[in-house]
Amino acid sequence: MASKAKLTGATTANVAVIGDQDTVTGFLLAGVGAVDARNQANYLIVDKNTKHSAIEAAFGKFTSSPNVGILLISQPVAESIRYLVSKHTKLIPTILEIPTKEEPYDPEKDSIMQKINRLTGQNK
């Protein structure tokens, strides 16, 4: 069963995930995974063999989909496409950067934390 968040009215949205095998598997086991009628999954597993263009395409697909309300992306993957993450200004889908087992969370790199720091005047 797919995890869904209510938006407005009868509209619902899925959570999409882009990350390493362990991160994506954890979210799939928690029920976040979904496959639509066109056999398109709401996740991308990124490893050393994943082409950069595939990551860019998945990010573009998830951020432009009306069915995605939250995009969870591991911070190392977000770093590899920082230029796309930084360009994303829409509220929905919200992009949340998450840590991996190998890489601890770094708030200095998180685009949402950077926006919060700018808004509150806490830029360094």
# chains A, B, ... in the order shown; residues from 1 in each chain; ligands from 1

call {"tool": "select_by_dssp", "arguments": {"residues": "region 6-80 of chain A", "states": "strand (DSSP E)", "output": "number ranges by chain"}}
result
A: 6, 12-19, 43-45, 68-74

call {"tool": "residues_around", "arguments": {"residues": "Asp22 (chain A)", "least_positions_apart": "4", "cutoff": "9 Å", "atoms": "only C-alpha atoms", "output": "ChimeraX atom specification"}}
result
/A:26-27,45,100-101

call {"tool": "write_last_selection", "arguments": {"atoms": "all heavy atoms", "output": "CSV table (one decimal), in the first residue's frame"}}
result
chain,number,residue,atom,x,y,z
A,26,GLY,N,14.5,0.5,2.7
A,26,GLY,CA,13.8,0.9,4.0
A,26,GLY,C,12.5,1.6,3.8
A,26,GLY,O,11.5,1.2,4.5
A,27,PHE,N,12.5,2.5,2.9
A,27,PHE,CA,11.2,3.2,2.6
A,27,PHE,C,10.2,2.3,1.9
A,27,PHE,O,9.0,2.4,2.2
A,27,PHE,CB,11.4,4.5,1.9
A,27,PHE,CG,11.9,5.6,2.7
A,27,PHE,CD1,13.3,6.0,2.7
A,27,PHE,CD2,11.0,6.3,3.6
A,27,PHE,CE1,13.7,7.0,3.6
A,27,PHE,CE2,11.5,7.3,4.4
A,27,PHE,CZ,12.8,7.6,4.4
A,45,ILE,N,16.7,3.7,-7.3
A,45,ILE,CA,17.8,3.2,-6.5
A,45,ILE,C,19.1,3.6,-7.3
A,45,ILE,O,19.2,3.3,-8.5
A,45,ILE,CB,17.8,1.7,-6.4
A,45,ILE,CG1,16.5,1.3,-5.5
A,45,ILE,CG2,19.1,1.2,-5.7
A,45,ILE,CD1,16.3,-0.2,-5.4
A,100,THR,N,22.4,9.0,4.7
A,100,THR,CA,22.5,7.6,4.4
A,100,THR,C,23.3,7.0,5.5
A,100,THR,O,23.8,7.7,6.4
A,100,THR,CB,23.2,7.4,3.0
A,100,THR,OG1,24.6,7.9,3.1
A,100,THR,CG2,22.5,8.1,1.9
A,101,LYS,N,23.5,5.6,5.4
A,101,LYS,CA,24.3,5.0,6.4
A,101,LYS,C,25.8,5.4,6.3
A,101,LYS,O,26.5,5.5,7.3
A,101,LYS,CB,24.2,3.4,6.2
A,101,LYS,CG,22.9,2.9,6.6
A,101,LYS,CD,22.8,1.4,6.5
A,101,LYS,CE,23.9,0.6,6.0
A,101,LYS,NZ,23.6,-0.9,5.9

call {"tool": "closest_residue", "arguments": {"among": "A:Ser111, A:Thr120, A:Asn67, A:Thr23", "to": "Gln40 (chain A)", "atoms": "only C-alpha atoms"}}
result
A:Asn67

call {"tool": "residues_around", "arguments": {"residues": "Pro99 (chain A)", "least_positions_apart": "6", "cutoff": "7 Å", "atoms": "only C-alpha atoms", "output": "PyMOL selection string"}}
result
chain A and resi 74-75+105

call {"tool": "write_last_selection", "arguments": {"atoms": "all heavy atoms", "output": "JSON list (two decimals), in the first residue's frame"}}
result
[["chain", "number", "residue", "atom", "x", "y", "z"],
["A", 74, "SER", "N", 18.41, 11.18, -0.92],
["A", 74, "SER", "CA", 19.57, 11.09, -0.04],
["A", 74, "SER", "C", 20.52, 12.25, -0.37],
["A", 74, "SER", "O", 20.66, 12.65, -1.52],
["A", 74, "SER", "CB", 20.27, 9.74, -0.18],
["A", 74, "SER", "OG", 20.75, 9.56, -1.48],
["A", 75, "GLN", "N", 21.12, 12.78, 0.67],
["A", 75, "GLN", "CA", 21.94, 13.98, 0.50],
["A", 75, "GLN", "C", 23.09, 13.80, -0.49],
["A", 75, "GLN", "O", 23.34, 14.69, -1.30],
["A", 75, "GLN", "CB", 22.44, 14.47, 1.85],
["A", 75, "GLN", "CG", 22.83, 15.93, 1.82],
["A", 75, "GLN", "CD", 23.05, 16.50, 3.20],
["A", 75, "GLN", "OE1", 23.70, 15.87, 4.04],
["A", 75, "GLN", "NE2", 22.51, 17.67, 3.43],
["A", 105, "TYR", "N", 24.15, 13.40, 7.84],
["A", 105, "TYR", "CA", 23.42, 14.58, 7.38],
["A", 105, "TYR", "C", 24.26, 15.83, 7.62],
["A", 105, "TYR", "O", 24.82, 16.02, 8.69],
["A", 105, "TYR", "CB", 22.09, 14.67, 8.11],
["A", 105, "TYR", "CG", 21.34, 15.95, 7.85],
["A", 105, "TYR", "CD1", 20.69, 16.14, 6.64],
["A", 105, "TYR", "CD2", 21.27, 16.95, 8.80],
["A", 105, "TYR", "CE1", 19.99, 17.30, 6.38],
["A", 105, "TYR", "CE2", 20.57, 18.10, 8.55],
["A", 105, "TYR", "CZ", 19.93, 18.27, 7.35],
["A", 105, "TYR", "OH", 19.24, 19.43, 7.10]]

call {"tool": "residues_around", "arguments": {"residues": "His52 (chain A)", "least_positions_apart": "5", "cutoff": "9 Å", "atoms": "only C-alpha atoms", "output": "ChimeraX atom specification"}}
result
/A:57,80-81

call {"tool": "write_last_selection", "arguments": {"atoms": "N, CA and C atoms", "output": "PDB file, in the first residue's frame"}}
result
ATOM      1  N   ALA A  57      16.726  12.602 -14.773  1.00  0.00           N
ATOM      2  CA  ALA A  57      15.408  12.284 -15.336  1.00  0.00           C
ATOM      3  C   ALA A  57      14.410  11.922 -14.239  1.00  0.00           C
ATOM      4  N   SER A  80      24.896  15.531  -6.063  1.00  0.00           N
ATOM      5  CA  SER A  80      25.292  15.293  -7.451  1.00  0.00           C
ATOM      6  C   SER A  80      24.412  16.042  -8.451  1.00  0.00           C
ATOM      7  N   ILE A  81      23.222  16.461  -8.012  1.00  0.00           N
ATOM      8  CA  ILE A  81      22.327  17.241  -8.882  1.00  0.00           C
ATOM      9  C   ILE A  81      21.910  18.535  -8.165  1.00  0.00           C
TER      10      ILE A  81
END

call {"tool": "decode", "arguments": {"residues": "region 27-43 of chain A", "atoms": "all heavy atoms", "output": "mmCIF file, in the first residue's frame"}}
result
data_model
loop_
_atom_site.group_PDB
_atom_site.id
_atom_site.type_symbol
_atom_site.label_atom_id
_atom_site.label_comp_id
_atom_site.auth_asym_id
_atom_site.auth_seq_id
_atom_site.Cartn_x
_atom_site.Cartn_y
_atom_site.Cartn_z
ATOM 1 N N PHE A 27 12.452 2.506 2.887
ATOM 2 C CA PHE A 27 11.187 3.203 2.633
ATOM 3 C C PHE A 27 10.178 2.295 1.934
ATOM 4 O O PHE A 27 8.973 2.389 2.195
ATOM 5 C CB PHE A 27 11.429 4.491 1.852
ATOM 6 C CG PHE A 27 11.918 5.598 2.725
ATOM 7 C CD1 PHE A 27 13.259 5.956 2.735
ATOM 8 C CD2 PHE A 27 11.049 6.285 3.555
ATOM 9 C CE1 PHE A 27 13.721 6.964 3.556
ATOM 10 C CE2 PHE A 27 11.491 7.294 4.386
ATOM 11 C CZ PHE A 27 12.830 7.643 4.389
ATOM 12 N N LEU A 28 10.647 1.412 1.063
ATOM 13 C CA LEU A 28 9.739 0.467 0.418
ATOM 14 C C LEU A 28 9.134 -0.479 1.449
ATOM 15 O O LEU A 28 7.927 -0.769 1.410
ATOM 16 C CB LEU A 28 10.454 -0.323 -0.674
ATOM 17 C CG LEU A 28 10.909 0.462 -1.904
ATOM 18 C CD1 LEU A 28 11.663 -0.445 -2.867
ATOM 19 C CD2 LEU A 28 9.747 1.126 -2.595
ATOM 20 N N LEU A 29 9.939 -0.948 2.398
ATOM 21 C CA LEU A 29 9.429 -1.817 3.453
ATOM 22 C C LEU A 29 8.442 -1.087 4.355
ATOM 23 O O LEU A 29 7.559 -1.705 4.953
ATOM 24 C CB LEU A 29 10.586 -2.386 4.276
ATOM 25 C CG LEU A 29 11.458 -3.414 3.554
ATOM 26 C CD1 LEU A 29 12.691 -3.738 4.387
ATOM 27 C CD2 LEU A 29 10.654 -4.668 3.253
ATOM 28 N N ALA A 30 8.579 0.239 4.443
ATOM 29 C CA ALA A 30 7.650 1.040 5.255
ATOM 30 C C ALA A 30 6.361 1.356 4.501
ATOM 31 O O ALA A 30 5.460 1.971 5.047
ATOM 32 C CB ALA A 30 8.336 2.336 5.688
ATOM 33 N N GLY A 31 6.280 0.935 3.233
ATOM 34 C CA GLY A 31 5.048 1.115 2.479
ATOM 35 C C GLY A 31 5.020 2.301 1.551
ATOM 36 O O GLY A 31 3.965 2.673 1.044
ATOM 37 N N VAL A 32 6.152 2.916 1.292
ATOM 38 C CA VAL A 32 6.193 4.107 0.441
ATOM 39 C C VAL A 32 6.124 3.764 -1.042
ATOM 40 O O VAL A 32 5.665 4.557 -1.840
ATOM 41 C CB VAL A 32 7.463 4.945 0.764
ATOM 42 C CG1 VAL A 32 7.689 6.032 -0.261
ATOM 43 C CG2 VAL A 32 7.344 5.545 2.152
ATOM 44 N N GLY A 33 6.522 2.579 -1.430
ATOM 45 C CA GLY A 33 6.601 2.216 -2.842
ATOM 46 C C GLY A 33 5.255 2.139 -3.538
ATOM 47 O O GLY A 33 4.264 1.707 -2.963
ATOM 48 N N ALA A 34 5.246 2.577 -4.778
ATOM 49 C CA ALA A 34 4.036 2.486 -5.610
ATOM 50 C C ALA A 34 4.449 2.380 -7.072
ATOM 51 O O ALA A 34 5.484 2.904 -7.470
ATOM 52 C CB ALA A 34 3.151 3.709 -5.407
ATOM 53 N N VAL A 35 3.632 1.694 -7.845
ATOM 54 C CA VAL A 35 3.824 1.599 -9.286
ATOM 55 C C VAL A 35 2.501 1.993 -9.921
ATOM 56 O O VAL A 35 1.450 1.481 -9.546
ATOM 57 C CB VAL A 35 4.233 0.165 -9.708
ATOM 58 C CG1 VAL A 35 4.371 0.066 -11.214
ATOM 59 C CG2 VAL A 35 5.529 -0.236 -9.026
ATOM 60 N N ASP A 36 2.548 2.936 -10.879
ATOM 61 C CA ASP A 36 1.306 3.418 -11.481
ATOM 62 C C ASP A 36 0.848 2.507 -12.617
ATOM 63 O O ASP A 36 1.455 1.473 -12.896
ATOM 64 C CB ASP A 36 1.438 4.875 -11.940
ATOM 65 C CG ASP A 36 2.438 5.064 -13.071
ATOM 66 O OD1 ASP A 36 2.828 4.074 -13.723
ATOM 67 O OD2 ASP A 36 2.812 6.216 -13.319
ATOM 68 N N ALA A 37 -0.241 2.897 -13.269
ATOM 69 C CA ALA A 37 -0.831 2.094 -14.344
ATOM 70 C C ALA A 37 0.119 1.914 -15.523
ATOM 71 O O ALA A 37 0.000 0.947 -16.274
ATOM 72 C CB ALA A 37 -2.137 2.739 -14.809
ATOM 73 N N ARG A 38 1.059 2.848 -15.707
ATOM 74 C CA ARG A 38 2.033 2.751 -16.801
ATOM 75 C C ARG A 38 3.292 2.000 -16.376
ATOM 76 O O ARG A 38 4.307 2.050 -17.056
ATOM 77 C CB ARG A 38 2.391 4.149 -17.295
ATOM 78 C CG ARG A 38 1.233 4.895 -17.914
ATOM 79 C CD ARG A 38 1.675 6.244 -18.448
ATOM 80 N NE ARG A 38 2.698 6.857 -17.632
ATOM 81 C CZ ARG A 38 2.561 7.980 -16.917
ATOM 82 N NH1 ARG A 38 1.422 8.619 -16.922
ATOM 83 N NH2 ARG A 38 3.545 8.458 -16.214
ATOM 84 N N ASN A 39 3.231 1.341 -15.194
ATOM 85 C CA ASN A 39 4.348 0.573 -14.660
ATOM 86 C C ASN A 39 5.542 1.448 -14.285
ATOM 87 O O ASN A 39 6.690 1.020 -14.380
ATOM 88 C CB ASN A 39 4.763 -0.540 -15.632
ATOM 89 C CG ASN A 39 5.384 -1.718 -14.910
ATOM 90 O OD1 ASN A 39 5.124 -1.933 -13.721
ATOM 91 N ND2 ASN A 39 6.208 -2.472 -15.605
ATOM 92 N N GLN A 40 5.286 2.695 -13.888
ATOM 93 C CA GLN A 40 6.324 3.625 -13.466
ATOM 94 C C GLN A 40 6.388 3.644 -11.931
ATOM 95 O O GLN A 40 5.392 3.905 -11.275
ATOM 96 C CB GLN A 40 6.026 5.039 -13.972
ATOM 97 C CG GLN A 40 5.979 5.149 -15.486
ATOM 98 C CD GLN A 40 7.340 4.921 -16.102
ATOM 99 O OE1 GLN A 40 8.323 5.514 -15.687
ATOM 100 N NE2 GLN A 40 7.393 4.052 -17.094
ATOM 101 N N ALA A 41 7.563 3.371 -11.381
ATOM 102 C CA ALA A 41 7.743 3.352 -9.930
ATOM 103 C C ALA A 41 7.973 4.761 -9.397
ATOM 104 O O ALA A 41 8.411 5.648 -10.118
ATOM 105 C CB ALA A 41 8.926 2.459 -9.568
ATOM 106 N N ASN A 42 7.693 4.950 -8.105
ATOM 107 C CA ASN A 42 7.911 6.244 -7.472
ATOM 108 C C ASN A 42 9.229 6.270 -6.691
ATOM 109 O O ASN A 42 9.365 6.972 -5.707
ATOM 110 C CB ASN A 42 6.745 6.603 -6.549
ATOM 111 C CG ASN A 42 6.662 5.695 -5.335
ATOM 112 O OD1 ASN A 42 7.100 4.554 -5.371
ATOM 113 N ND2 ASN A 42 6.091 6.192 -4.264
ATOM 114 N N TYR A 43 10.203 5.522 -7.159
ATOM 115 C CA TYR A 43 11.512 5.501 -6.511
ATOM 116 C C TYR A 43 12.602 5.212 -7.545
ATOM 117 O O TYR A 43 12.329 4.690 -8.620
ATOM 118 C CB TYR A 43 11.558 4.443 -5.403
ATOM 119 C CG TYR A 43 11.257 3.045 -5.877
ATOM 120 C CD1 TYR A 43 12.266 2.215 -6.341
ATOM 121 C CD2 TYR A 43 9.955 2.562 -5.864
ATOM 122 C CE1 TYR A 43 11.990 0.939 -6.788
ATOM 123 C CE2 TYR A 43 9.666 1.282 -6.303
ATOM 124 C CZ TYR A 43 10.685 0.473 -6.756
ATOM 125 O OH TYR A 43 10.411 -0.793 -7.208
#
